[in-house]
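Undergrad: Take a look at the following structure, please.
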Amino acid sequence: MDAPGPLGQVEVFQALRQLHMTIFSQSISPCGKFLAAGNNYGQIAIFSLSAALSSEAKEESKKPVVTFQAHDGAVYSMTSTDRHLLSAGDGEVKAWLWADILKKGCKELWRRQPPYRTSLEVPEINALLLVPKENALILAGGDCQLHTMDLETGTFTRALRGHTDYIHCLALRERSPEVLSGGEDGAVRLWDLRTAKEVQTIEVYKHEECSRPQNGRWIGCLATDSDWMVCGGGPALTLWHLRSSTPTTVFPMWAPQRHVTFYQDLILSAGQGPCANHWQLSGELKAQVPSSSPGLLSLSLNQQPAAPECKVLTAAGNSCRVDVFTNLGYRAFSLSF
Amino acid sequence: MSSESSKKRKPKVIRSDGAPSEGKRSRSDAEQEGKYYSEEAEVDLRDPGRDYELYKYTCQELQRLMAEIQDLKSRGGKDAAVEIEDRRIQSCVHFMTLKKLNRLAHIRLKKGRDQTHEAKQKVDAYHLQLQNLLYEVMHLQKEITKCLEFKSKHEEIDLVSLEEFYKEAPPDISKAEVTMGDPHQQTLARLDWELEQRKRLAEKYRDSLSNKEQILKEIEVKKEYLSSLQPRLNSIMQASLPVQEYLSMPFDQAHKQYETARHLPPPLYVLFVQATAYGQACDKTLSVAIEGSVDEAKALFKPPEDSQDDESDSDAEEEQTSKRRRPTLGVQLDDKRKEMLKRHPLSVVLALRCKDDSVLQLTFYYLMNLNIVTVKAKVTTAMELITPISAGDLLSPDSVLSCLYPGDHGKKTPNAANQYQFDKVGILTFRDYVLELGHPYLWVQKLSGLHFPKEQPQHTVIADHSLSASHMEATMKLLKARVQSRLALHKQFASLEHGIVPVSSDCQYLYPAKVVSRLVKWVTIAPEDHMELHFTKDLVEAGLAGDHNLYYLALVERGTAKLQAAVVVNPGYPSIPPIFQLCLNWKGEKTNSNDDNIRAMESEVNVCYKELCGPRPGHQLLTNQLQRLCVLLDVYLETESHDDSVEGPREFPQEKMCLRLFRGPTRMKPFKYNHPQGFFSHR
């Protein structure tokens, strides 16, 4: 089998980079038409969902509209406000203006680094969470703390300590408002934002129904629906009733899950294994939709009201591709870095 | 005549009753001129009208008389006779009158005729004169026109222009005063001058002819002298050979080479010239030679008449033989193929000597009918190499020059026109003949000045020196680099097969002091086997594993953990890095599709290869990658989180110094080694 064209040094290197690319995070633009994806090389690519979904979509529509180097390290987490794209990776969070982002040579609007205790190694930021009511941003990651940042002023207001190992994921419980955090230490902690105190701790690995010691105890993903919480990772994917801290349903998925979210009456999860899983609340697997990556790290549902035609589920992970599921049941096509 | 007739009649008249006397006439003519009676004169006097009346009257009288006589005679009687006599006499008189009148009439007639005749004569004379004159006029006119049309020869001569003439001609010829006014004189003068000039030039011509003769003679003499020199020079050259060798300036050799070079086909000639030039100017380690039979090369260009004769003879012979025994179609086709793939008898041999005294010998052949140049390569080392099993393909003539430039496999002919020729003789691909004929790499064509543009196939491609010169230096450098990298790999493979990863001292800083994992196996595998490995699928899909690559399988072990690595080495090593795909067998099988850390390890070796290149020219890349792989395996095994549910100690206690064990959503292990602090961290 002959290579498609003469592969010089540059082409081989490019191909290798693509082969070893991991997309960690995704974020939908406020208008709903664009998808931002961040990878392990620190690049952010903006894809035009509306172009890729339109009827005249060509191969170029599946390529990014613009790609730029956002961070020195990987972009582990991204989120969007109504005007900004916030990206975080190696220790700092940067903000980009969505309106400007499509222009070449876009510069970050601002960057902030939370006050870290250690200086030997810059801890990574694994999760970003927006708290709209307080116009605040919560960062959590390698230094085992949750930092709150006021988006208006850019100052770091609080640092919530409690985790003994680094934090993987965050979720917002809107009613209270409380923040849930899951970490490498195997515990899901609930924090009250107003009092800045840890309210509840659930040590998932201690529960026999869901613990899987051979995988480890780390909590990789969290999602909450006020009274309920679903989390997964080393332990099995489990649905918890928060008030009683009891696991109600254990989802029979062997592979550690990396991302989980509530959607309508379903729970969507993805993780190791090349598929996105649709679970019913009862614990039954409704559908397992294959994807093009051997493992998935993030799922993103485009529910922006401004672009109902772009309402798709996108999944990305251990490859340079972002799978687009137009109908949640199957993979329509893939966008590629 | 008139006078004669008049003279005749004259005597008749005069001697009307007597006999004319002829003899006296002439005398009497002269005597009687004034005397005799001339009836001619009388005629002029008488009036013809009256004579006519007289005649009529006389005839009437005669008739009357006759009638009277008639009467009388019929009446008869005596007096009748007298009256008749009387009347007879009267009638006689009348008859006389009539006769006279007749004579007069005749005379008148004659006169009239004479007059007419005379007039006519006159008219005739005038007419004649007129004719003569007219004729003369015509003649003269003709003459005049002839004269007018006369082109003098002098008008055909291109005379010098007037100004020049006046400038150049000496005054005694040009005679300006006379000639200016008179064009005739002017022309004459000009003609004179022309004649002068021509005479002078004829002189000059004769002089130069004689000069030329002289010079020719001199040349002859000198030629003879030179030809006598030739044997002397030859003997001097022979004598100088040992001196040349002593001074190592092999002029003679070079001269001989140039002699043979003249018989090279154009592409090989370009190659020869450019390579020699490059070797002399830039690279003393390059030596160029020509091999092959010059006589055969000369025989290729037999004069056409001989070959035509031969052809007709051979045609006749062929017919005869074909009647006896028809060669099979296959044999015919085979012959045609052989004919098509025929090589020119001369070939150019380039020998590149590398720093370690290994020599890359390239033999370039020219395929005449296909108009391409092929090359056969041979690597010889200063010392005998024991080839490790896995290094079989490294220096093999078939693949050592593969992909010198990206994509240049040398399996297909670069000349698009050859495909049609192949179709005629049933050759499917050139690949089958490559071993025998050599590889038609694109850079070989470029070095020979042959350019085969893909977009616009040209009819005849002619060897071009500038194309060759522009590619010579780059190609030579690449060739040397290729040989040296292959030799380096050769040596490294020998070591790898013994389980030792040779890491040079200047690359030791990349690794911690203690590396526990060991390389236990290093083998070469076939491309098909590589494709069948389950953990290499995405590499194959990405198009990075083609036929032209070299494939190896390495096995790294530590304790119960076995790490298999499929290595793809591109022919362009080390500028194109080898690619590793891993499969770890320890507590289950982990590959890049189910374990993020395996993926990270691959990334460490494949993507971050630049720091592993080592000192230029980067021959350490593969061994450094292997060593790093061992270190990565160490880290992986030692940092694996201990499973609390399982009893027993950890198989691999953590010995590496790490700041953090896991980082990021994918819980990456600390694979990056920091020198000189000696701890592991995350990228």
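Residues are referred to by chain and number: the chain letter is A, B, ... according to the order shown in the structure tokens, the number counts from 1 in that chain, and ligands are numbered separately from 1 in the order shown.
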Find the residues around Thr81 in chain A up to 12 Å (only C-alpha atoms counted), leave out those fewer than 4 positions away in its own chain, and share them as a PyMOL selection string.
TA: chain A and resi 27-32+85-87+95-98+128-132+135-137+151+304
Undergrad: Can you tell me, as a PyMOL selection string, what residues are no more than 8 Å from Ile427 in chain B when counting only C-alpha atoms, ignoring any on the same chain fewer than 4 positions away?
TA: chain B and resi 337+422-423
Undergrad: For those residues, write all heavy atoms to a file as a PDB file, in the first residue's frame.
TA:
```pdb
ATOM      1  N   ARG B 337      11.163  -7.659 -25.788  1.00  0.00           N
ATOM      2  CA  ARG B 337      11.329  -7.050 -24.471  1.00  0.00           C
ATOM      3  C   ARG B 337      12.793  -6.783 -24.197  1.00  0.00           C
ATOM      4  O   ARG B 337      13.165  -5.712 -23.707  1.00  0.00           O
ATOM      5  CB  ARG B 337      10.799  -7.996 -23.387  1.00  0.00           C
ATOM      6  CG  ARG B 337       9.353  -7.804 -23.134  1.00  0.00           C
ATOM      7  CD  ARG B 337       8.915  -8.529 -21.906  1.00  0.00           C
ATOM      8  NE  ARG B 337       7.599  -9.069 -22.144  1.00  0.00           N
ATOM      9  CZ  ARG B 337       7.222 -10.300 -21.864  1.00  0.00           C
ATOM     10  NH1 ARG B 337       8.066 -11.131 -21.332  1.00  0.00           N
ATOM     11  NH2 ARG B 337       6.004 -10.688 -22.124  1.00  0.00           N
ATOM     12  N   PHE B 422       5.822  -0.133 -23.218  1.00  0.00           N
ATOM     13  CA  PHE B 422       5.645  -1.372 -22.460  1.00  0.00           C
ATOM     14  C   PHE B 422       4.442  -2.149 -22.963  1.00  0.00           C
ATOM     15  O   PHE B 422       4.467  -3.361 -23.066  1.00  0.00           O
ATOM     16  CB  PHE B 422       5.472  -1.077 -20.970  1.00  0.00           C
ATOM     17  CG  PHE B 422       6.737  -0.654 -20.287  1.00  0.00           C
ATOM     18  CD1 PHE B 422       6.701  -0.098 -19.026  1.00  0.00           C
ATOM     19  CD2 PHE B 422       7.970  -0.818 -20.899  1.00  0.00           C
ATOM     20  CE1 PHE B 422       7.858   0.291 -18.389  1.00  0.00           C
ATOM     21  CE2 PHE B 422       9.133  -0.428 -20.273  1.00  0.00           C
ATOM     22  CZ  PHE B 422       9.068   0.140 -19.004  1.00  0.00           C
ATOM     23  N   ASP B 423       3.373  -1.411 -23.243  1.00  0.00           N
ATOM     24  CA  ASP B 423       2.163  -2.095 -23.689  1.00  0.00           C
ATOM     25  C   ASP B 423       2.423  -2.882 -24.952  1.00  0.00           C
ATOM     26  O   ASP B 423       1.896  -3.972 -25.135  1.00  0.00           O
ATOM     27  CB  ASP B 423       1.066  -1.053 -23.961  1.00  0.00           C
ATOM     28  CG  ASP B 423       0.523  -0.493 -22.664  1.00  0.00           C
ATOM     29  OD1 ASP B 423       0.703  -1.147 -21.629  1.00  0.00           O
ATOM     30  OD2 ASP B 423      -0.075   0.597 -22.702  1.00  0.00           O
TER      31      ASP B 423
END
```
Undergrad: What residues in range 144-266 of chain A get the DSSP label strand (DSSP E)? Please answer as a PyMOL selection string.
TA: chain A and resi 145-150+156-161+167-173+178-183+187-192+197-203+219-225+228-233+238-241+246-250+257-263+266
Undergrad: At a cut-off of 9 Å, using only C-alpha atoms, what residues contact Asp185 in chain A? Leave out same-chain residues fewer than 5 positions from it and give the result as a PyMOL selection string.
TA: chain A and resi 163-167+203+217-219
Undergrad: Show me, as CSV, the residues of range 432-519 of chain B having an atom within 7 Å of range 398-408 of chain B, each with the closest atom pair and its distance in Å, using only C-alpha atoms.
TA:
```
residue,atom,partner,partner_atom,distance
B:Leu435,CA,B:Asp398,CA,6.9
B:Tyr441,CA,B:Asp408,CA,6.2
B:Leu442,CA,B:Asp408,CA,6.3
B:Leu478,CA,B:Leu404,CA,6.9
```
Undergrad: Would you mind exporting N, CA and C atoms of the selected residues as a PDB file, in the first residue's frame?
TA:
```
ATOM      1  N   LEU B 435      15.494  -5.178 -10.371  1.00  0.00           N
ATOM      2  CA  LEU B 435      16.674  -5.816  -9.764  1.00  0.00           C
ATOM      3  C   LEU B 435      17.792  -5.971 -10.776  1.00  0.00           C
ATOM      4  N   TYR B 441      15.439   5.983 -10.213  1.00  0.00           N
ATOM      5  CA  TYR B 441      14.998   7.016  -9.283  1.00  0.00           C
ATOM      6  C   TYR B 441      14.879   8.346 -10.008  1.00  0.00           C
ATOM      7  N   LEU B 442      14.019   9.219  -9.426  1.00  0.00           N
ATOM      8  CA  LEU B 442      13.828  10.522 -10.039  1.00  0.00           C
ATOM      9  C   LEU B 442      15.088  11.363  -9.935  1.00  0.00           C
ATOM     10  N   LEU B 478      22.816  14.029   0.363  1.00  0.00           N
ATOM     11  CA  LEU B 478      21.805  13.080   0.828  1.00  0.00           C
ATOM     12  C   LEU B 478      22.324  11.652   0.738  1.00  0.00           C
TER      13      LEU B 478
END
```
Undergrad: Identify, on the basis of only C-alpha atoms, every residue whose closest approach to Gly283 in chain A does not exceed 8 Å; exclude the query and any residue fewer than 4 positions from it along the same chain; express the result as a list of chain:residue names.
TA: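 Final neighbour list, sorted by chain and number: A:Thr249, A:Val250, A:Phe251, A:Pro252, A:Trp279.
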Undergrad: Go ahead and write the selection's residues with all heavy atoms as a PDB file, in the first residue's frame.
TA:
```
ATOM      1  N   THR A 249     -28.865   3.778  41.708  1.00  0.00           N
ATOM      2  CA  THR A 249     -28.687   2.928  40.520  1.00  0.00           C
ATOM      3  C   THR A 249     -27.210   2.865  40.154  1.00  0.00           C
ATOM      4  O   THR A 249     -26.531   3.890  40.139  1.00  0.00           O
ATOM      5  CB  THR A 249     -29.432   3.493  39.305  1.00  0.00           C
ATOM      6  OG1 THR A 249     -30.576   4.210  39.737  1.00  0.00           O
ATOM      7  CG2 THR A 249     -29.813   2.414  38.322  1.00  0.00           C
ATOM      8  N   VAL A 250     -26.785   1.646  39.908  1.00  0.00           N
ATOM      9  CA  VAL A 250     -25.427   1.492  39.407  1.00  0.00           C
ATOM     10  C   VAL A 250     -25.523   1.102  37.939  1.00  0.00           C
ATOM     11  O   VAL A 250     -26.191   0.134  37.603  1.00  0.00           O
ATOM     12  CB  VAL A 250     -24.670   0.391  40.172  1.00  0.00           C
ATOM     13  CG1 VAL A 250     -23.300   0.180  39.546  1.00  0.00           C
ATOM     14  CG2 VAL A 250     -24.539   0.772  41.641  1.00  0.00           C
ATOM     15  N   PHE A 251     -24.930   1.832  37.100  1.00  0.00           N
ATOM     16  CA  PHE A 251     -25.003   1.544  35.667  1.00  0.00           C
ATOM     17  C   PHE A 251     -23.935   0.519  35.312  1.00  0.00           C
ATOM     18  O   PHE A 251     -22.772   0.696  35.636  1.00  0.00           O
ATOM     19  CB  PHE A 251     -24.804   2.826  34.853  1.00  0.00           C
ATOM     20  CG  PHE A 251     -25.855   3.853  35.123  1.00  0.00           C
ATOM     21  CD1 PHE A 251     -25.618   4.876  36.027  1.00  0.00           C
ATOM     22  CD2 PHE A 251     -27.095   3.774  34.499  1.00  0.00           C
ATOM     23  CE1 PHE A 251     -26.611   5.824  36.277  1.00  0.00           C
ATOM     24  CE2 PHE A 251     -28.072   4.721  34.746  1.00  0.00           C
ATOM     25  CZ  PHE A 251     -27.835   5.745  35.638  1.00  0.00           C
ATOM     26  N   PRO A 252     -24.346  -0.497  34.657  1.00  0.00           N
ATOM     27  CA  PRO A 252     -23.413  -1.603  34.402  1.00  0.00           C
ATOM     28  C   PRO A 252     -22.437  -1.295  33.260  1.00  0.00           C
ATOM     29  O   PRO A 252     -22.514  -1.854  32.170  1.00  0.00           O
ATOM     30  CB  PRO A 252     -24.340  -2.754  34.016  1.00  0.00           C
ATOM     31  CG  PRO A 252     -25.525  -2.102  33.407  1.00  0.00           C
ATOM     32  CD  PRO A 252     -25.700  -0.781  34.118  1.00  0.00           C
ATOM     33  N   TRP A 279     -28.274   6.170  28.946  1.00  0.00           N
ATOM     34  CA  TRP A 279     -28.842   5.361  30.035  1.00  0.00           C
ATOM     35  C   TRP A 279     -30.205   5.890  30.407  1.00  0.00           C
ATOM     36  O   TRP A 279     -30.440   7.081  30.431  1.00  0.00           O
ATOM     37  CB  TRP A 279     -27.951   5.441  31.268  1.00  0.00           C
ATOM     38  CG  TRP A 279     -26.528   5.069  31.023  1.00  0.00           C
ATOM     39  CD1 TRP A 279     -25.531   5.919  30.761  1.00  0.00           C
ATOM     40  CD2 TRP A 279     -25.970   3.769  31.053  1.00  0.00           C
ATOM     41  NE1 TRP A 279     -24.353   5.242  30.609  1.00  0.00           N
ATOM     42  CE2 TRP A 279     -24.596   3.895  30.788  1.00  0.00           C
ATOM     43  CE3 TRP A 279     -26.509   2.495  31.278  1.00  0.00           C
ATOM     44  CZ2 TRP A 279     -23.753   2.808  30.740  1.00  0.00           C
ATOM     45  CZ3 TRP A 279     -25.631   1.423  31.220  1.00  0.00           C
ATOM     46  CH2 TRP A 279     -24.280   1.559  30.964  1.00  0.00           C
TER      47      TRP A 279
END
```
Undergrad: May I have the residues of chain B within 8 Å of chain A, counting only C-alpha atoms, written as a PyMOL selection string?
TA: chain B and resi 405-408+538-539+542-548+575-576+593-594+596+599-600+602-603+606-607+641+643-645+663-665+683
Undergrad: Output as number ranges by chain all residues of range 111-316 of chain B that backbone DSSP marks as alpha helix (DSSP H).
TA: B: 111-149, 162-168, 171-174, 176-181, 183-247, 251-261, 266-281, 294-299, 304-316
Undergrad: Go through B:Met531, B:Met472, B:Val348, B:Ile219 and flag the residue nearest Val375 in chain B, using only C-alpha atoms for the distances.
TA: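 Ranked by minimum distance to Val375 in chain B, first place goes to B:Val348.
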Undergrad: Just the residues within 12 Å of range 186-201 of chain B, please, counting only C-alpha atoms, with nothing from its chain fewer than 4 positions along; format it as number ranges by chain.
TA: B: 152-182, 205-208
Undergrad: Output C-alpha atoms for every residue in the selection just made, as a compact mmCIF listing (two decimals), in the first residue's frame.
TA:
```txt
# COMPACT_ATOMS: atom_id res chain seq x y z
CA SER B 152 23.62 49.43 -74.56
CA LYS B 153 25.50 46.97 -72.44
CA HIS B 154 26.71 49.74 -70.39
CA GLU B 155 23.30 50.13 -68.78
CA GLU B 156 23.53 46.66 -67.32
CA ILE B 157 26.61 47.49 -65.41
CA ASP B 158 26.00 48.91 -61.99
CA LEU B 159 27.98 51.98 -62.06
CA VAL B 160 28.95 53.74 -58.92
CA SER B 161 26.66 56.55 -58.00
CA LEU B 162 27.29 59.97 -59.37
CA GLU B 163 28.53 61.50 -56.14
CA GLU B 164 30.91 58.66 -55.52
CA PHE B 165 32.10 58.82 -59.04
CA TYR B 166 32.88 62.46 -58.83
CA LYS B 167 34.55 61.95 -55.52
CA GLU B 168 36.70 59.02 -56.44
CA ALA B 169 37.52 59.30 -60.06
CA PRO B 170 40.69 61.13 -60.94
CA PRO B 171 39.97 64.36 -62.78
CA ASP B 172 41.37 63.21 -66.08
CA ILE B 173 38.70 60.59 -66.27
CA SER B 174 35.87 62.40 -64.68
CA LYS B 175 36.39 65.63 -66.59
CA ALA B 176 33.85 67.38 -64.49
CA GLU B 177 33.45 70.42 -66.65
CA VAL B 178 32.62 68.41 -69.71
CA THR B 179 30.60 65.67 -68.13
CA MET B 180 28.46 67.74 -65.88
CA GLY B 181 26.60 69.19 -68.73
CA ASP B 182 26.65 66.36 -71.18
CA TYR B 205 42.70 39.53 -57.48
CA ARG B 206 45.61 38.09 -59.28
CA ASP B 207 47.86 39.27 -56.51
CA SER B 208 45.76 37.70 -53.80
```
Undergrad: When you count only C-alpha atoms, which of these residues is closest to Lys311 in chain A: A:Leu53, A:Ile267, A:Ala196, A:Ala36?
TA: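 The answer is A:Leu53, which sits nearest to Lys311 in chain A.
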Undergrad: Under the rule that only C-alpha atoms are counted, which of A:Pro305, A:Val179, A:Leu170, A:Val93 is the nearest residue to Gly154 in chain A?
TA: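 Of the candidates, the smallest distance to Gly154 in chain A is held by A:Val93.
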